[in-house]
Amino acid sequence: MKNWIQIALAALLPFTAAAAKADLAEAVAAAQAADIRDAADRARDANRKPAETLAFLRLRQDMRVLELLPGAGWYTKILAPLLYENGALFVSIYTDPLKDRLIGKPGFDRITIIEPQGEMVRQGRRVEGLSFQAEDMDLVLTFRNLHNFTADGRAALNASAFAALKPGGYYGVIDHTRRHMQADNSENWRRMDPVLAIQEIEAAGFDFVDYSDLHYRLDDELRYEVGRRSVSGNTDRFTLLFQKP
């Protein structure tokens with residue numbers, strides 16, 4: 001009897017996963033349609049594929065999620081509604097734009113700001129000296145931010161993410177792709193070597209889980225600054241998922 005039960009449960013798993021993915025896609029679509037998102041936000045939807053991206057990153061609507069360096073809040077405007085009822089959204093590092101434009105508004109009044117620790121030290125174009133302290137997170141996310149930090153700065157960020165997560169929690173990272181082992185130059189400084197990113201994040205204690213080609217762009221030659229008019233909005237980006245053992 002036990003074997004039949006196990007077989008039946010195994011058979012149900014694909015259907016359960018498909019239903020959860022469909023539910024998440026519906027919730028993301030509702031968040032995308034909200035009035036708080038402007039035309040500039042909507043213009044990036046097709047390129048950023050939030051429903052598919054968040055599904056790959058294992059987001060569930062009952063999670064405690066920490067978004068690092070949320071910037072102007074493109075993803076925050078989607079994450080907050082998803083987590084409003086049954087989950088919780090936290091943000092940390094460079095959250096000032098959110099304080100002015102988003103946090104406290106209806107539907108965004110449950111976002112918790114975790115103030116960073118340390119003082120920012122600028123090393124050329126990059127920064128270091130910042131970390132954060134959090135706990136009991138299910139998922140930590142950062143979108144197109146690792147390139148802003150020095151190697152020491154990334155190490156502190158990754159270590160803080162590891163400490164913040166529950167065992168079994170996930171760490172999702174997306175950034176603009178740089179050629180492997182390519183030295184810094186004026187065109188590639190806002191790109192990140194994905195092999196180096198994997199090595200550094202594993203060094204913080206994480207297990208590598210998976211990668212996605214959702215944001216792969218064959219026509220990005222990986223040669224030009226990501227803000228160039230001919231490249232912006234069409235950069236090749238690596239999408240990586242890690243897990244805390």
# chains A, B, ... in the order shown; residues from 1 in each chain; ligands from 1
$ residues_around --residues "A:Gly233" --least-positions-apart "2" --cutoff "9 Å" --atoms "only C-alpha atoms" --output "ChimeraX atom specification"
/A:44,47-48,226-227,229-231,235
$ select_by_dssp --residues "stretch 112-190 of chain A" --states "helix (DSSP H, G or I)" --output "PyMOL selection string"
chain A and resi 146-148+151-164
$ closest_residue --among "A:Lys77, A:Arg64, A:Arg144, A:His180" --to "A:Arg37" --atoms "only C-alpha atoms"
A:Lys77
$ select_by_dssp --residues "stretch 154-222 of chain A" --states "strand (DSSP E)" --output "ChimeraX atom specification"
/A:165-176,207-212
$ atom_distance --atom1 "atom CA of A:Glu119" --atom2 "atom CA of A:Ser92"
13.9 Å
$ residues_around --residues "stretch 156-159 of chain A" --least-positions-apart "5" --cutoff "8 Å" --atoms "only C-alpha atoms" --output "count of residues only"
7
$ closest_residue --among "A:Leu59, A:Met120, A:Val65, A:Ile78" --to "A:Ala33" --atoms "only C-alpha atoms"
A:Ile78
$ closest_residue --among "A:Leu69, A:Pro81, A:Glu225, A:Ala40" --to "A:Ala27" --atoms "only C-alpha atoms"
A:Pro81
$ residues_around --residues "stretch 148-151 of chain A" --least-positions-apart "5" --cutoff "7 Å" --atoms "only C-alpha atoms" --output "MDAnalysis selection string"
chainID A and resid 126:128 190
$ residues_around --residues "A:Val209" --least-positions-apart "4" --cutoff "9 Å" --atoms "only C-alpha atoms" --output "ChimeraX atom specification"
/A:170,240-243
$ residues_around --residues "A:Met192" --least-positions-apart "6" --cutoff "8 Å" --atoms "only C-alpha atoms" --output "list of chain:residue names"
A:Leu146, A:His147, A:Asp175, A:His176, A:Thr177, A:Arg178
$ write_last_selection --atoms "N, CA, C and O atoms" --output "PDB file, in the first residue's frame"
ATOM      1  N   LEU A 146      25.641  42.872  -8.374  1.00  0.00           N
ATOM      2  CA  LEU A 146      26.959  42.411  -7.936  1.00  0.00           C
ATOM      3  C   LEU A 146      28.080  43.232  -8.547  1.00  0.00           C
ATOM      4  O   LEU A 146      29.115  43.469  -7.907  1.00  0.00           O
ATOM      5  N   HIS A 147      27.894  43.686  -9.774  1.00  0.00           N
ATOM      6  CA  HIS A 147      28.964  44.421 -10.467  1.00  0.00           C
ATOM      7  C   HIS A 147      29.290  45.745  -9.786  1.00  0.00           C
ATOM      8  O   HIS A 147      30.344  46.328 -10.049  1.00  0.00           O
ATOM      9  N   ASP A 175      22.722  39.254 -13.121  1.00  0.00           N
ATOM     10  CA  ASP A 175      23.573  40.397 -13.450  1.00  0.00           C
ATOM     11  C   ASP A 175      23.932  40.350 -14.930  1.00  0.00           C
ATOM     12  O   ASP A 175      23.757  39.327 -15.610  1.00  0.00           O
ATOM     13  N   HIS A 176      24.447  41.472 -15.421  1.00  0.00           N
ATOM     14  CA  HIS A 176      24.895  41.575 -16.798  1.00  0.00           C
ATOM     15  C   HIS A 176      26.163  40.741 -16.997  1.00  0.00           C
ATOM     16  O   HIS A 176      27.089  40.810 -16.186  1.00  0.00           O
ATOM     17  N   THR A 177      26.221  40.003 -18.082  1.00  0.00           N
ATOM     18  CA  THR A 177      27.315  39.059 -18.300  1.00  0.00           C
ATOM     19  C   THR A 177      28.571  39.726 -18.843  1.00  0.00           C
ATOM     20  O   THR A 177      28.511  40.532 -19.772  1.00  0.00           O
ATOM     21  N   ARG A 178      29.694  39.342 -18.248  1.00  0.00           N
ATOM     22  CA  ARG A 178      31.017  39.716 -18.755  1.00  0.00           C
ATOM     23  C   ARG A 178      31.712  38.457 -19.259  1.00  0.00           C
ATOM     24  O   ARG A 178      31.462  37.360 -18.774  1.00  0.00           O
TER      25      ARG A 178
END
$ atom_distance --atom1 "atom CA of A:Ala197" --atom2 "atom CA of A:Glu135"
23.0 Å
$ closest_residue --among "A:Gly153, A:Pro106, A:Gly73, A:Gly205" --to "A:Leu165" --atoms "only C-alpha atoms"
A:Gly205
$ residues_around --residues "A:Phe56" --least-positions-apart "4" --cutoff "10 Å" --atoms "only C-alpha atoms" --output "list in words"
Lys21, Pro50, Ala51, Glu52, Gly172, Asp210, Tyr211, Ser212, Leu214, Thr239, Leu240 and Leu241 of chain A
$ closest_residue --among "A:Ala39, A:Asp138, A:Phe238, A:Thr95" --to "A:Asp62" --atoms "only C-alpha atoms"
A:Asp138
$ atom_distance --atom1 "atom CA of A:Asp38" --atom2 "atom CA of A:Phe143"
19.5 Å
$ closest_residue --among "A:Glu221, A:Arg237, A:Ala161, A:Met137" --to "A:Asp193" --atoms "only C-alpha atoms"
A:Arg237
$ decode --residues "stretch 102-136 of chain A" --atoms "N, CA and C atoms" --output "short mmCIF file (atom, residue, chain, number, x, y, z; two decimals), in the first residue's frame"
data_model
loop_
_atom_site.label_atom_id
_atom_site.label_comp_id
_atom_site.auth_asym_id
_atom_site.auth_seq_id
_atom_site.Cartn_x
_atom_site.Cartn_y
_atom_site.Cartn_z
N LEU A 102 7.77 54.96 -2.52
CA LEU A 102 6.93 53.76 -2.49
C LEU A 102 6.48 53.34 -1.10
N ILE A 103 7.42 53.20 -0.18
CA ILE A 103 7.09 52.61 1.13
C ILE A 103 6.10 53.49 1.89
N GLY A 104 5.08 52.83 2.42
CA GLY A 104 4.03 53.53 3.14
C GLY A 104 2.77 53.75 2.34
N LYS A 105 2.87 53.64 1.01
CA LYS A 105 1.68 53.78 0.18
C LYS A 105 0.81 52.54 0.34
N PRO A 106 -0.48 52.65 0.02
CA PRO A 106 -1.36 51.48 0.15
C PRO A 106 -0.82 50.27 -0.61
N GLY A 107 -0.74 49.15 0.10
CA GLY A 107 -0.19 47.93 -0.49
C GLY A 107 1.31 47.80 -0.31
N PHE A 108 1.95 48.88 0.13
CA PHE A 108 3.41 48.87 0.31
C PHE A 108 3.77 49.31 1.73
N ASP A 109 2.82 49.15 2.63
CA ASP A 109 3.00 49.60 4.00
C ASP A 109 3.51 48.50 4.92
N ARG A 110 3.77 47.32 4.37
CA ARG A 110 4.29 46.23 5.19
C ARG A 110 5.74 45.88 4.83
N ILE A 111 6.36 46.69 4.02
CA ILE A 111 7.76 46.45 3.66
C ILE A 111 8.64 46.88 4.84
N THR A 112 9.56 46.02 5.21
CA THR A 112 10.48 46.31 6.31
C THR A 112 11.86 46.66 5.76
N ILE A 113 12.38 47.80 6.19
CA ILE A 113 13.73 48.20 5.79
C ILE A 113 14.74 47.69 6.81
N ILE A 114 15.75 46.99 6.34
CA ILE A 114 16.86 46.56 7.19
C ILE A 114 18.04 47.47 6.87
N GLU A 115 18.39 48.30 7.80
CA GLU A 115 19.47 49.27 7.56
C GLU A 115 20.80 48.54 7.43
N PRO A 116 21.62 48.93 6.47
CA PRO A 116 22.93 48.28 6.32
C PRO A 116 23.87 48.62 7.45
N GLN A 117 24.86 47.78 7.62
CA GLN A 117 25.89 48.02 8.62
C GLN A 117 27.17 48.46 7.93
N GLY A 118 28.00 49.19 8.65
CA GLY A 118 29.26 49.65 8.09
C GLY A 118 29.08 50.95 7.32
N GLU A 119 30.17 51.45 6.78
CA GLU A 119 30.15 52.67 5.99
C GLU A 119 30.66 52.37 4.59
N MET A 120 29.98 52.95 3.63
CA MET A 120 30.36 52.71 2.25
C MET A 120 31.72 53.31 1.95
N VAL A 121 32.57 52.52 1.34
CA VAL A 121 33.89 52.97 0.91
C VAL A 121 33.95 52.79 -0.60
N ARG A 122 34.26 53.86 -1.31
CA ARG A 122 34.31 53.80 -2.76
C ARG A 122 35.73 53.49 -3.22
N GLN A 123 35.82 52.49 -4.08
CA GLN A 123 37.09 52.12 -4.69
C GLN A 123 36.93 52.26 -6.21
N GLY A 124 37.28 53.44 -6.71
CA GLY A 124 37.04 53.69 -8.13
C GLY A 124 35.54 53.72 -8.40
N ARG A 125 35.09 52.90 -9.33
CA ARG A 125 33.67 52.86 -9.69
C ARG A 125 32.87 51.98 -8.74
N ARG A 126 33.54 51.19 -7.91
CA ARG A 126 32.83 50.21 -7.09
C ARG A 126 32.88 50.58 -5.61
N VAL A 127 32.08 49.86 -4.83
CA VAL A 127 31.99 50.17 -3.40
C VAL A 127 32.22 48.90 -2.58
N GLU A 128 32.52 49.12 -1.32
CA GLU A 128 32.63 48.03 -0.35
C GLU A 128 32.33 48.62 1.02
N GLY A 129 32.43 47.76 2.05
CA GLY A 129 32.23 48.24 3.41
C GLY A 129 30.83 48.10 3.93
N LEU A 130 29.91 47.57 3.10
CA LEU A 130 28.52 47.43 3.51
C LEU A 130 28.14 45.98 3.70
N SER A 131 27.39 45.72 4.75
CA SER A 131 26.80 44.41 4.98
C SER A 131 25.44 44.64 5.63
N PHE A 132 24.77 43.59 6.00
CA PHE A 132 23.47 43.74 6.66
C PHE A 132 23.28 42.54 7.58
N GLN A 133 22.35 42.69 8.51
CA GLN A 133 22.07 41.61 9.45
C GLN A 133 20.58 41.31 9.41
N ALA A 134 20.27 40.07 9.05
CA ALA A 134 18.88 39.60 9.00
C ALA A 134 18.88 38.13 9.34
N GLU A 135 17.68 37.58 9.54
CA GLU A 135 17.58 36.17 9.88
C GLU A 135 16.24 35.61 9.43
N ASP A 136 16.19 34.29 9.35
CA ASP A 136 14.96 33.55 9.06
C ASP A 136 14.36 33.88 7.70
#
